[in-house]
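Source file: query00.cif. Holds: mmCIF, C-alpha atoms and all ligand atoms.
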```cif
data_run
loop_
_atom_site.label_atom_id
_atom_site.label_comp_id
_atom_site.auth_asym_id
_atom_site.auth_seq_id
_atom_site.Cartn_x
_atom_site.Cartn_y
_atom_site.Cartn_z
CA MET A 565 54.91 -249.13 -165.75
CA LYS A 566 56.16 -251.53 -168.45
CA GLN A 567 53.46 -252.97 -170.65
CA ILE A 568 53.82 -256.78 -170.73
CA LYS A 569 53.11 -258.27 -174.14
CA THR A 570 51.44 -261.64 -174.25
CA ALA A 571 50.25 -264.12 -176.87
CA ILE A 572 47.32 -266.53 -176.91
CA PHE A 573 47.78 -269.94 -178.56
CA GLY A 574 44.38 -271.37 -179.45
CA THR A 575 41.13 -269.83 -180.64
CA GLY A 576 38.53 -272.19 -179.15
CA PHE A 577 36.47 -271.93 -175.95
CA MET A 578 39.51 -271.46 -173.70
CA GLY A 579 41.44 -269.20 -176.10
CA ARG A 580 38.61 -266.71 -176.05
CA VAL A 581 38.15 -266.91 -172.27
CA HIS A 582 41.89 -266.26 -171.78
CA LEU A 583 41.94 -263.39 -174.26
CA GLU A 584 39.00 -261.64 -172.60
CA ALA A 585 40.51 -262.12 -169.13
CA VAL A 586 43.96 -260.88 -170.24
CA ARG A 587 42.33 -257.67 -171.35
CA ARG A 588 41.06 -257.14 -167.80
CA VAL A 589 44.58 -257.20 -166.32
CA GLU A 590 46.41 -253.90 -165.99
CA SER A 591 49.71 -253.46 -167.84
CA VAL A 592 49.19 -256.46 -170.10
CA GLU A 593 48.63 -256.24 -173.82
CA ALA A 594 47.38 -259.10 -176.00
CA ALA A 595 49.95 -258.78 -178.80
CA ALA A 596 49.49 -261.96 -180.81
CA ILE A 597 47.18 -264.88 -181.47
CA TRP A 598 48.04 -268.26 -182.89
CA GLY A 599 45.35 -270.47 -184.38
CA ARG A 600 45.41 -273.70 -186.33
CA SER A 601 42.78 -272.17 -188.56
CA ALA A 602 43.76 -268.85 -190.16
CA ASP A 603 40.10 -267.82 -190.34
CA ALA A 604 39.39 -268.47 -186.67
CA ALA A 605 42.57 -266.64 -185.64
CA ARG A 606 41.72 -263.67 -187.85
CA ARG A 607 38.14 -263.51 -186.55
CA LEU A 608 39.26 -263.47 -182.93
CA GLY A 609 42.24 -261.18 -183.54
CA THR A 610 40.31 -258.62 -185.56
CA GLY A 611 37.46 -258.53 -183.06
CA PHE A 612 39.83 -257.77 -180.22
CA SER A 613 42.29 -255.61 -182.24
CA VAL A 614 45.20 -257.97 -181.66
CA PRO A 615 48.01 -256.80 -183.99
CA THR A 616 49.62 -260.16 -184.87
CA VAL A 617 47.58 -263.13 -186.05
CA THR A 618 49.37 -266.19 -187.37
CA THR A 619 49.16 -269.94 -187.97
CA ASP A 620 52.88 -270.35 -187.16
CA TYR A 621 53.38 -270.18 -183.39
CA ARG A 622 57.17 -270.18 -183.75
CA GLU A 623 56.89 -266.80 -185.45
CA ILE A 624 55.46 -265.46 -182.18
CA LEU A 625 58.13 -267.21 -180.10
CA ARG A 626 60.85 -265.56 -182.21
CA ASP A 627 59.49 -262.10 -181.42
CA PRO A 628 61.59 -260.62 -178.58
CA ALA A 629 58.79 -258.19 -177.73
CA VAL A 630 56.52 -261.04 -176.57
CA ASP A 631 57.08 -261.79 -172.87
CA ALA A 632 54.56 -264.57 -172.18
CA VAL A 633 52.27 -267.07 -173.86
CA HIS A 634 48.95 -268.69 -172.93
CA ILE A 635 48.58 -272.24 -174.20
CA CYS A 636 44.88 -272.92 -174.79
CA THR A 637 45.14 -275.67 -177.39
CA PRO A 638 44.03 -279.32 -177.25
CA ASN A 639 45.93 -281.15 -174.49
CA ALA A 640 48.39 -283.04 -176.73
CA GLN A 641 49.84 -279.72 -177.91
CA HIS A 642 50.51 -278.41 -174.39
CA PHE A 643 53.85 -280.18 -174.03
CA PRO A 644 55.50 -279.27 -177.37
CA MET A 645 54.26 -275.69 -177.24
CA ALA A 646 55.19 -275.12 -173.60
CA LYS A 647 58.61 -276.63 -174.21
CA ASP A 648 59.25 -274.44 -177.25
CA ALA A 649 58.00 -271.35 -175.42
CA LEU A 650 60.22 -271.95 -172.38
CA ASN A 651 63.20 -272.58 -174.64
CA ALA A 652 62.42 -269.30 -176.37
CA GLY A 653 62.56 -267.53 -172.99
CA LYS A 654 58.84 -266.87 -172.62
CA HIS A 655 56.86 -267.10 -169.38
CA VAL A 656 54.15 -269.73 -169.84
CA LEU A 657 50.59 -270.02 -168.68
CA CYS A 658 49.21 -273.42 -169.73
CA GLU A 659 45.70 -274.79 -169.64
CA LYS A 660 45.18 -277.99 -167.70
CA PRO A 661 46.11 -280.82 -167.90
CA LEU A 662 49.72 -279.63 -168.08
CA ALA A 663 50.62 -282.53 -170.39
CA THR A 664 49.32 -285.91 -171.47
CA SER A 665 51.93 -288.01 -169.62
CA LEU A 666 53.88 -287.89 -166.39
CA GLU A 667 57.19 -287.81 -168.25
CA GLU A 668 56.19 -284.74 -170.23
CA GLY A 669 54.98 -283.01 -167.07
CA GLU A 670 58.25 -283.75 -165.27
CA GLU A 671 60.25 -282.39 -168.21
CA LEU A 672 58.26 -279.14 -168.23
CA VAL A 673 58.67 -278.61 -164.49
CA ALA A 674 62.44 -279.13 -164.79
CA LEU A 675 62.74 -276.91 -167.86
CA ALA A 676 60.76 -274.01 -166.33
CA ALA A 677 63.01 -274.16 -163.24
CA LYS A 678 66.17 -274.30 -165.37
CA GLN A 679 65.07 -271.32 -167.46
CA GLY A 680 63.98 -269.35 -164.37
CA LEU A 681 60.68 -268.47 -166.02
CA ARG A 682 57.25 -267.96 -164.49
CA ASN A 683 54.93 -270.87 -165.09
CA CYS A 684 51.29 -271.36 -164.31
CA VAL A 685 48.77 -274.12 -164.90
CA CYS A 686 45.18 -273.00 -165.10
CA HIS A 687 43.49 -274.51 -162.07
CA ASN A 688 41.51 -271.29 -161.88
CA LEU A 689 38.51 -272.73 -160.05
CA ARG A 690 40.38 -272.30 -156.76
CA TYR A 691 39.84 -268.58 -157.06
CA TYR A 692 36.11 -268.29 -156.62
CA PRO A 693 35.81 -266.03 -153.56
CA MET A 694 33.78 -268.61 -151.63
CA VAL A 695 36.36 -271.32 -152.32
CA GLN A 696 39.01 -269.05 -150.84
CA GLN A 697 36.66 -268.48 -147.91
CA MET A 698 36.50 -272.26 -147.30
CA ARG A 699 40.29 -272.38 -147.35
CA SER A 700 40.55 -269.47 -144.92
CA MET A 701 37.98 -271.06 -142.60
CA ARG A 702 39.98 -274.27 -142.55
CA GLU A 703 43.21 -272.34 -141.88
CA ALA A 704 41.53 -270.48 -139.02
CA GLY A 705 40.52 -273.81 -137.44
CA ASP A 706 36.77 -273.23 -137.93
CA LEU A 707 36.31 -276.74 -139.31
CA GLY A 708 38.48 -278.52 -136.74
CA ASP A 709 40.30 -281.60 -138.06
CA ILE A 710 39.06 -282.74 -141.43
CA LEU A 711 37.40 -286.14 -141.44
CA VAL A 712 35.56 -286.47 -144.76
CA VAL A 713 35.93 -284.78 -148.18
CA GLN A 714 33.38 -285.64 -150.85
CA GLY A 715 31.83 -284.29 -153.99
CA THR A 716 31.40 -284.44 -157.69
CA TYR A 717 32.21 -282.64 -160.91
CA SER A 718 29.28 -283.35 -163.19
CA GLN A 719 28.46 -282.12 -166.68
CA ASP A 720 26.00 -283.33 -169.34
CA TRP A 721 27.45 -282.08 -172.61
CA LEU A 722 28.79 -285.52 -173.65
CA LEU A 723 25.71 -287.55 -172.66
CA TYR A 724 24.63 -288.64 -176.16
CA ASP A 725 26.66 -290.72 -178.56
CA THR A 726 26.16 -287.90 -181.07
CA ASP A 727 28.11 -285.55 -178.74
CA TRP A 728 31.64 -284.96 -179.94
CA ASN A 729 34.63 -282.77 -179.13
CA TRP A 730 38.40 -283.11 -179.53
CA ARG A 731 38.57 -284.11 -175.83
CA VAL A 732 36.97 -287.45 -176.76
CA GLU A 733 39.97 -288.45 -178.91
CA THR A 734 43.08 -289.86 -177.20
CA LYS A 735 45.36 -288.38 -179.86
CA ALA A 736 44.18 -284.81 -179.12
CA GLY A 737 43.12 -285.00 -175.48
CA GLY A 738 45.38 -287.71 -174.04
CA PRO A 739 44.51 -291.11 -172.56
CA SER A 740 42.14 -289.73 -169.88
CA ARG A 741 39.23 -287.43 -170.62
CA CYS A 742 36.76 -286.93 -167.79
CA MET A 743 39.28 -287.28 -164.96
CA ALA A 744 41.89 -285.12 -166.72
CA ASP A 745 39.42 -282.49 -167.87
CA ILE A 746 37.28 -282.00 -164.77
CA GLY A 747 38.37 -284.54 -162.11
CA SER A 748 41.73 -282.72 -161.97
CA HIS A 749 39.97 -279.44 -161.09
CA TRP A 750 38.16 -281.19 -158.24
CA PHE A 751 41.30 -282.75 -156.77
CA ASP A 752 43.23 -279.50 -157.12
CA MET A 753 40.49 -277.73 -155.18
CA ALA A 754 40.22 -280.48 -152.55
CA GLU A 755 43.96 -280.32 -151.82
CA HIS A 756 44.08 -276.53 -151.98
CA VAL A 757 41.17 -276.03 -149.59
CA THR A 758 41.96 -278.78 -147.08
CA GLY A 759 45.76 -278.41 -147.14
CA LEU A 760 45.84 -282.24 -147.11
CA ARG A 761 47.30 -284.41 -149.85
CA VAL A 762 45.80 -287.51 -151.45
CA GLN A 763 48.03 -290.38 -150.37
CA SER A 764 46.29 -293.33 -152.00
CA LEU A 765 43.22 -294.01 -154.06
CA CYS A 766 41.02 -296.59 -155.73
CA ALA A 767 39.37 -295.63 -159.01
CA ASP A 768 36.72 -297.09 -161.29
CA LEU A 769 36.37 -295.51 -164.74
CA GLN A 770 33.66 -296.11 -167.31
CA THR A 771 33.23 -295.37 -171.01
CA PHE A 772 29.49 -295.61 -171.59
CA HIS A 773 29.80 -294.99 -175.32
CA PRO A 774 32.52 -297.24 -176.77
CA THR A 775 31.76 -295.59 -180.11
CA ARG A 776 30.51 -292.08 -180.85
CA LYS A 777 29.19 -290.42 -183.95
CA GLN A 778 31.88 -287.99 -185.00
CA PRO A 779 30.66 -285.01 -187.03
CA LYS A 780 32.51 -284.54 -190.28
CA HIS A 781 33.41 -280.97 -189.30
CA SER A 782 35.15 -279.80 -186.11
CA VAL A 783 32.93 -278.80 -183.18
CA GLU A 784 33.59 -276.13 -180.57
CA THR A 785 33.57 -277.14 -176.88
CA PHE A 786 29.96 -277.36 -175.60
CA ALA A 787 28.68 -276.38 -179.10
CA ASN A 788 27.89 -280.02 -179.90
CA LYS A 789 24.52 -279.52 -178.20
CA LEU A 790 23.51 -277.08 -180.92
CA LEU A 791 24.06 -279.52 -183.81
CA GLY A 792 21.17 -281.02 -185.72
CA PRO A 793 21.18 -284.51 -187.29
CA GLU A 794 24.09 -284.53 -189.71
CA ASP A 795 26.58 -286.76 -191.38
CA TYR A 796 28.61 -288.57 -188.76
CA ILE A 797 31.40 -291.12 -188.75
CA GLU A 798 30.98 -293.94 -186.20
CA THR A 799 34.27 -293.69 -184.27
CA PRO A 800 35.66 -295.91 -181.46
CA VAL A 801 36.28 -294.09 -178.15
CA ASP A 802 38.50 -295.23 -175.31
CA THR A 803 38.54 -292.12 -173.07
CA GLU A 804 36.27 -292.33 -170.01
CA ASP A 805 32.86 -290.64 -169.63
CA PHE A 806 32.78 -291.15 -165.86
CA GLY A 807 35.02 -291.96 -162.92
CA ALA A 808 34.46 -292.75 -159.25
CA VAL A 809 37.38 -292.46 -156.83
CA ILE A 810 37.66 -293.24 -153.14
CA PHE A 811 40.77 -291.87 -151.50
CA ARG A 812 42.74 -291.33 -148.31
CA MET A 813 44.00 -287.82 -147.50
CA GLY A 814 46.66 -287.06 -144.94
CA THR A 815 46.77 -289.61 -142.15
CA ARG A 816 43.14 -289.53 -141.07
CA ALA A 817 40.77 -288.04 -143.63
CA ARG A 818 38.82 -290.13 -146.12
CA GLY A 819 36.97 -289.09 -149.23
CA CYS A 820 35.17 -289.94 -152.41
CA VAL A 821 34.39 -288.13 -155.64
CA THR A 822 32.69 -288.78 -158.94
CA ALA A 823 33.39 -286.99 -162.21
CA SER A 824 30.94 -287.31 -165.06
CA GLN A 825 30.29 -285.79 -168.47
CA VAL A 826 27.06 -287.73 -168.96
CA SER A 827 24.84 -286.45 -166.10
CA ALA A 828 21.70 -284.94 -167.65
CA GLY A 829 20.91 -281.52 -166.26
CA ARG A 830 24.25 -280.94 -164.59
CA LYS A 831 25.87 -278.27 -166.73
CA ASN A 832 29.12 -277.66 -164.90
CA ARG A 833 28.56 -278.67 -161.29
CA LEU A 834 31.69 -278.92 -159.21
CA SER A 835 30.48 -279.53 -155.70
CA ILE A 836 32.65 -280.13 -152.68
CA GLU A 837 31.70 -280.93 -149.09
CA ILE A 838 34.22 -280.91 -146.27
CA TYR A 839 33.29 -282.36 -142.89
CA GLY A 840 35.47 -281.54 -139.89
CA THR A 841 35.40 -282.27 -136.18
CA ARG A 842 33.92 -278.81 -135.46
CA SER A 843 31.83 -277.87 -138.51
CA SER A 844 31.33 -278.48 -142.22
CA VAL A 845 31.33 -276.47 -145.42
CA ALA A 846 29.80 -277.17 -148.82
CA TRP A 847 30.05 -275.25 -152.09
CA ASP A 848 28.56 -275.72 -155.56
CA GLN A 849 30.00 -274.06 -158.68
CA GLU A 850 26.50 -273.64 -160.13
CA ARG A 851 25.67 -271.33 -157.17
CA PRO A 852 29.12 -269.78 -156.71
CA ASP A 853 28.28 -266.89 -154.40
CA GLU A 854 26.79 -269.17 -151.72
CA LEU A 855 28.62 -271.14 -149.07
CA TRP A 856 26.83 -273.60 -146.78
CA SER A 857 28.16 -274.00 -143.28
CA GLY A 858 26.91 -276.97 -141.23
CA HIS A 859 26.80 -277.34 -137.45
CA ARG A 860 25.90 -280.20 -135.17
CA ASP A 861 24.56 -278.15 -132.24
CA ASP A 862 23.40 -274.99 -133.96
CA GLY A 863 21.44 -273.93 -137.02
CA ASN A 864 23.14 -274.30 -140.38
CA GLN A 865 24.01 -271.16 -142.32
CA ILE A 866 24.23 -270.00 -145.92
CA PHE A 867 26.75 -267.19 -146.44
CA ILE A 868 26.31 -264.94 -149.45
CA LYS A 869 29.50 -263.51 -150.90
CA ASP A 870 30.20 -260.06 -149.53
CA PRO A 871 33.82 -258.90 -149.26
CA SER A 872 33.14 -257.20 -145.94
CA LEU A 873 32.10 -260.57 -144.44
CA LEU A 874 34.93 -262.67 -145.91
CA LYS A 875 38.07 -263.65 -144.02
CA PRO A 876 40.90 -261.21 -144.91
CA ALA A 877 42.80 -263.68 -147.13
CA ALA A 878 39.66 -264.51 -149.12
CA ARG A 879 38.70 -260.86 -149.49
CA GLY A 880 41.50 -260.29 -152.01
CA PHE A 881 39.66 -262.60 -154.43
CA ALA A 882 36.38 -260.67 -154.36
CA ASP A 883 36.46 -257.49 -156.43
CA LEU A 884 32.78 -256.62 -156.36
CA PRO A 885 30.52 -255.65 -153.45
CA GLY A 886 28.01 -258.08 -151.94
CA GLY A 887 25.12 -259.02 -154.22
CA HIS A 888 27.25 -258.54 -157.36
CA SER A 889 28.06 -262.05 -158.42
CA GLU A 890 31.54 -263.14 -159.41
CA GLY A 891 31.89 -266.23 -161.53
CA TYR A 892 33.91 -268.38 -163.91
CA ASP A 893 35.41 -265.56 -166.00
CA ASP A 894 36.51 -263.72 -162.86
CA THR A 895 38.56 -266.67 -161.63
CA PHE A 896 40.79 -266.30 -164.71
CA LYS A 897 41.27 -262.62 -164.00
CA GLN A 898 42.38 -263.48 -160.47
CA VAL A 899 44.96 -266.00 -161.74
CA PHE A 900 46.28 -263.79 -164.53
CA ARG A 901 46.58 -260.73 -162.31
CA ARG A 902 48.82 -262.66 -159.92
CA PHE A 903 50.76 -264.34 -162.71
CA TYR A 904 51.62 -261.06 -164.42
CA ALA A 905 52.46 -259.36 -161.11
CA SER A 906 54.98 -262.14 -160.45
CA ILE A 907 56.78 -261.52 -163.77
CA GLY A 908 58.09 -258.18 -162.56
CA ALA A 909 58.71 -259.37 -158.98
CA SER A 910 62.11 -260.83 -158.18
CA SER A 911 61.11 -262.72 -155.03
CA GLY A 912 58.13 -264.13 -153.16
CA THR A 913 56.22 -267.36 -153.68
CA PRO A 914 53.85 -266.96 -156.61
CA GLU A 915 50.26 -267.09 -155.46
CA TYR A 916 48.83 -269.16 -158.31
CA PRO A 917 48.99 -272.79 -159.42
CA GLN A 918 52.32 -273.57 -161.04
CA PHE A 919 53.61 -276.38 -163.25
CA THR A 920 54.39 -278.37 -160.09
CA ASP A 921 50.67 -278.25 -159.32
CA GLY A 922 49.94 -279.45 -162.86
CA LEU A 923 52.40 -282.30 -162.35
CA ARG A 924 50.68 -283.10 -159.04
CA GLN A 925 47.41 -283.61 -160.93
CA LEU A 926 49.19 -285.79 -163.51
CA ARG A 927 50.40 -288.00 -160.64
CA ILE A 928 46.87 -288.34 -159.27
CA LEU A 929 45.62 -289.06 -162.78
CA ASP A 930 48.28 -291.68 -163.35
CA ALA A 931 47.33 -293.36 -160.05
CA GLU A 932 43.64 -293.35 -161.07
CA MET A 933 44.40 -295.02 -164.37
CA ARG A 934 46.67 -297.63 -162.78
CA SER A 935 44.11 -298.31 -160.07
CA HIS A 936 41.36 -298.79 -162.63
CA ARG A 937 43.52 -301.16 -164.68
CA THR A 938 44.62 -303.25 -161.70
CA ARG A 939 41.28 -302.98 -159.84
CA GLY A 940 43.07 -302.04 -156.64
CA TRP A 941 44.40 -299.32 -154.34
CA VAL A 942 47.39 -297.30 -155.58
CA ASP A 943 49.68 -294.94 -153.64
CA VAL A 944 50.10 -291.37 -154.94
CA PRO A 945 53.66 -290.03 -154.61
CA ALA A 946 54.17 -287.03 -152.30
CA PRO A 947 53.90 -283.61 -154.00
CA GLU A 948 56.90 -281.63 -155.22
CA ARG A 949 55.92 -278.67 -153.08
CA ILE A 950 53.26 -277.87 -150.52
CA LYS A 951 51.10 -275.08 -151.89
C1 LIG B 1001 35.08 -278.85 -170.51
O1 LIG B 1001 34.79 -279.96 -169.80
C2 LIG B 1001 35.53 -277.72 -169.65
O2 LIG B 1001 35.60 -276.66 -170.52
C3 LIG B 1001 36.90 -277.88 -169.03
O3 LIG B 1001 37.90 -278.11 -169.96
C4 LIG B 1001 37.21 -276.69 -168.16
O4 LIG B 1001 38.44 -276.83 -167.53
C5 LIG B 1001 36.08 -276.49 -167.15
O5 LIG B 1001 36.30 -275.36 -166.43
C6 LIG B 1001 34.77 -276.40 -167.83
O6 LIG B 1001 34.56 -277.47 -168.65
#
```
Give the structure from the file, written as structure tokens.
Ligand code: SOE
Amino acid sequence: MKQIKTAIFGTGFMGRVHLEAVRRVESVEAAAIWGRSADAARRLGTGFSVPTVTTDYREILRDPAVDAVHICTPNAQHFPMAKDALNAGKHVLCEKPLATSLEEGEELVALAAKQGLRNCVCHNLRYYPMVQQMRSMREAGDLGDILVVQGTYSQDWLLYDTDWNWRVETKAGGPSRCMADIGSHWFDMAEHVTGLRVQSLCADLQTFHPTRKQPKHSVETFANKLLGPEDYIETPVDTEDFGAVIFRMGTRARGCVTASQVSAGRKNRLSIEIYGTRSSVAWDQERPDELWSGHRDDGNQIFIKDPSLLKPAARGFADLPGGHSEGYDDTFKQVFRRFYASIGASSGTPEYPQFTDGLRQLRILDAEMRSHRTRGWVDVPAPERIK
């Protein structure tokens, strides 16, 4: 079987997660790493025996032996790098958000289609086995018609005004932070699981810290919590720490969600609850192997992940036997495995989130920001494709 050669752009939190997950996919070789810092790129590359390490990503794009690239850089670099990679004939797997504006997202979707290249946006959280189980239960009619969808994505790593990361800065992360960074994961999951689409919404965003103390040296994602008192620069911030959104899905369902990066004690809690006319399901990313199932006329249940008890479609996302937990890192493996399988395949609908799904989230994001500005309800355009 041909060995696919891939490159990782970015050496931070996500670059490392992607690199480790790539190495778990058969027939794929991590051939090159790009980093803004030569030292960081060398450290990561040497540790994982990656042959090419460079601070010039175009050097990698010029290499005909490289088939695909993973873009794991700050958000503002997604568009130029993805565009250059597609133009160089590489398949692209991009971290979310796909871009920092609708126009950029639209251009990338059109370019990937024109070039006939595989494209993926990393809404990996869909691929927890119990999330797939919720989707399969809904498809089997176990929930009945969906009435209410609610939840939160809450973190605490940006609670203090001394907490800093590139995501805080508009120039690196784009105009939205909390909703783009984690709210987009929640909405992707809500649409993926329910099969419904958000049609309109009303959003309220809040920046609790209009200024933050920026450390003089760059800080890795989540590593801010390890810093002691240092020299900081008081820096204005206009990206949001929190957002609350009420929305309408399909013709009948209603929902609400909050996203927060300032909720003490919540480390990375995506929780989603779906209430249907027959039964309900609820799932929490901090307890990923458990799925709550609620009944009106019977006892409620907690399912523990066990492939033999999952619906057949969900089973393909659980690699380990019951009692052997599968978590965040495994969701990347599930995405990458399907992405790389699709590179060799000439037909079939790819079974992973594509650039159109990234653009879908940019449309929801755009509606949230317009709604917040105008203090009113905003319609969300219909999706490019039904996934
Ligand atoms: C930071 O908020 C972050 O790393 C996100 O960027 C990821 O997408 C999410 O999975 C975890 O939190």
Report as a VMD selection string which protein, DNA and RNA residues come within 7 Å of ligand LIG 1001 (chain B), using only C-alpha atoms and all ligand atoms. chain A and resid 660 745 to 746 785 832
Deliver the residues from the most recent selection as a file, using C-alpha atoms, as a JSON list (two decimals), in the coordinates of the input.
```json
[["chain", "number", "residue", "atom", "x", "y", "z"],
["A", 660, "LYS", "CA", 45.18, -277.99, -167.70],
["A", 745, "ASP", "CA", 39.42, -282.49, -167.87],
["A", 746, "ILE", "CA", 37.28, -282.00, -164.77],
["A", 785, "THR", "CA", 33.57, -277.14, -176.88],
["A", 832, "ASN", "CA", 29.12, -277.66, -164.90]]
```
Taking all atoms listed in the file into account, which of A:Ala676, A:Met645, A:Ala878, A:Ile710 comes nearest A:Arg622?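 Residue with the minimum atom-to-atom distance to A:Arg622: A:Met645.
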If we count all atoms listed in the file, what is near A:Gly737 at a cut-off of 8 Å, once residues fewer than 5 positions away on the same chain are taken out, given as a short mmCIF file (atom, residue, chain, number, x, y, z; two decimals) with C-alpha atoms, in the frame of the given file?
```cif
data_model
loop_
_atom_site.label_atom_id
_atom_site.label_comp_id
_atom_site.auth_asym_id
_atom_site.auth_seq_id
_atom_site.Cartn_x
_atom_site.Cartn_y
_atom_site.Cartn_z
CA PRO A 638 44.03 -279.32 -177.25
CA ASN A 639 45.93 -281.15 -174.49
CA ALA A 640 48.39 -283.04 -176.73
CA THR A 664 49.32 -285.91 -171.47
CA TRP A 730 38.40 -283.11 -179.53
CA ARG A 731 38.57 -284.11 -175.83
CA VAL A 732 36.97 -287.45 -176.76
#
```
Expected answer as an mmCIF file with C-alpha atoms, keeping the file's coordinate frame: all residues with atoms within 10 Å of (45.6, -291.0, -163.4), all atoms listed in the file:
```cif
data_model
loop_
_atom_site.group_PDB
_atom_site.id
_atom_site.type_symbol
_atom_site.label_atom_id
_atom_site.label_comp_id
_atom_site.auth_asym_id
_atom_site.auth_seq_id
_atom_site.Cartn_x
_atom_site.Cartn_y
_atom_site.Cartn_z
ATOM 1 C CA SER A 665 51.930 -288.010 -169.620
ATOM 2 C CA LEU A 666 53.880 -287.890 -166.390
ATOM 3 C CA PRO A 739 44.510 -291.110 -172.560
ATOM 4 C CA SER A 740 42.140 -289.730 -169.880
ATOM 5 C CA MET A 743 39.280 -287.280 -164.960
ATOM 6 C CA ALA A 744 41.890 -285.120 -166.720
ATOM 7 C CA GLY A 747 38.370 -284.540 -162.110
ATOM 8 C CA SER A 748 41.730 -282.720 -161.970
ATOM 9 C CA ALA A 767 39.370 -295.630 -159.010
ATOM 10 C CA GLN A 925 47.410 -283.610 -160.930
ATOM 11 C CA LEU A 926 49.190 -285.790 -163.510
ATOM 12 C CA ARG A 927 50.400 -288.000 -160.640
ATOM 13 C CA ILE A 928 46.870 -288.340 -159.270
ATOM 14 C CA LEU A 929 45.620 -289.060 -162.780
ATOM 15 C CA ASP A 930 48.280 -291.680 -163.350
ATOM 16 C CA ALA A 931 47.330 -293.360 -160.050
ATOM 17 C CA GLU A 932 43.640 -293.350 -161.070
ATOM 18 C CA MET A 933 44.400 -295.020 -164.370
ATOM 19 C CA ARG A 934 46.670 -297.630 -162.780
ATOM 20 C CA SER A 935 44.110 -298.310 -160.070
ATOM 21 C CA HIS A 936 41.360 -298.790 -162.630
ATOM 22 C CA VAL A 944 50.100 -291.370 -154.940
#
```
- Item | Shortest interatomic distance to A:Asp894 - which of A:Asp802, A:Phe881, A:Val712, A:Leu675, counting only C-alpha atoms |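 Counting only C-alpha atoms, the residue closest to A:Asp894 is A:Phe881.
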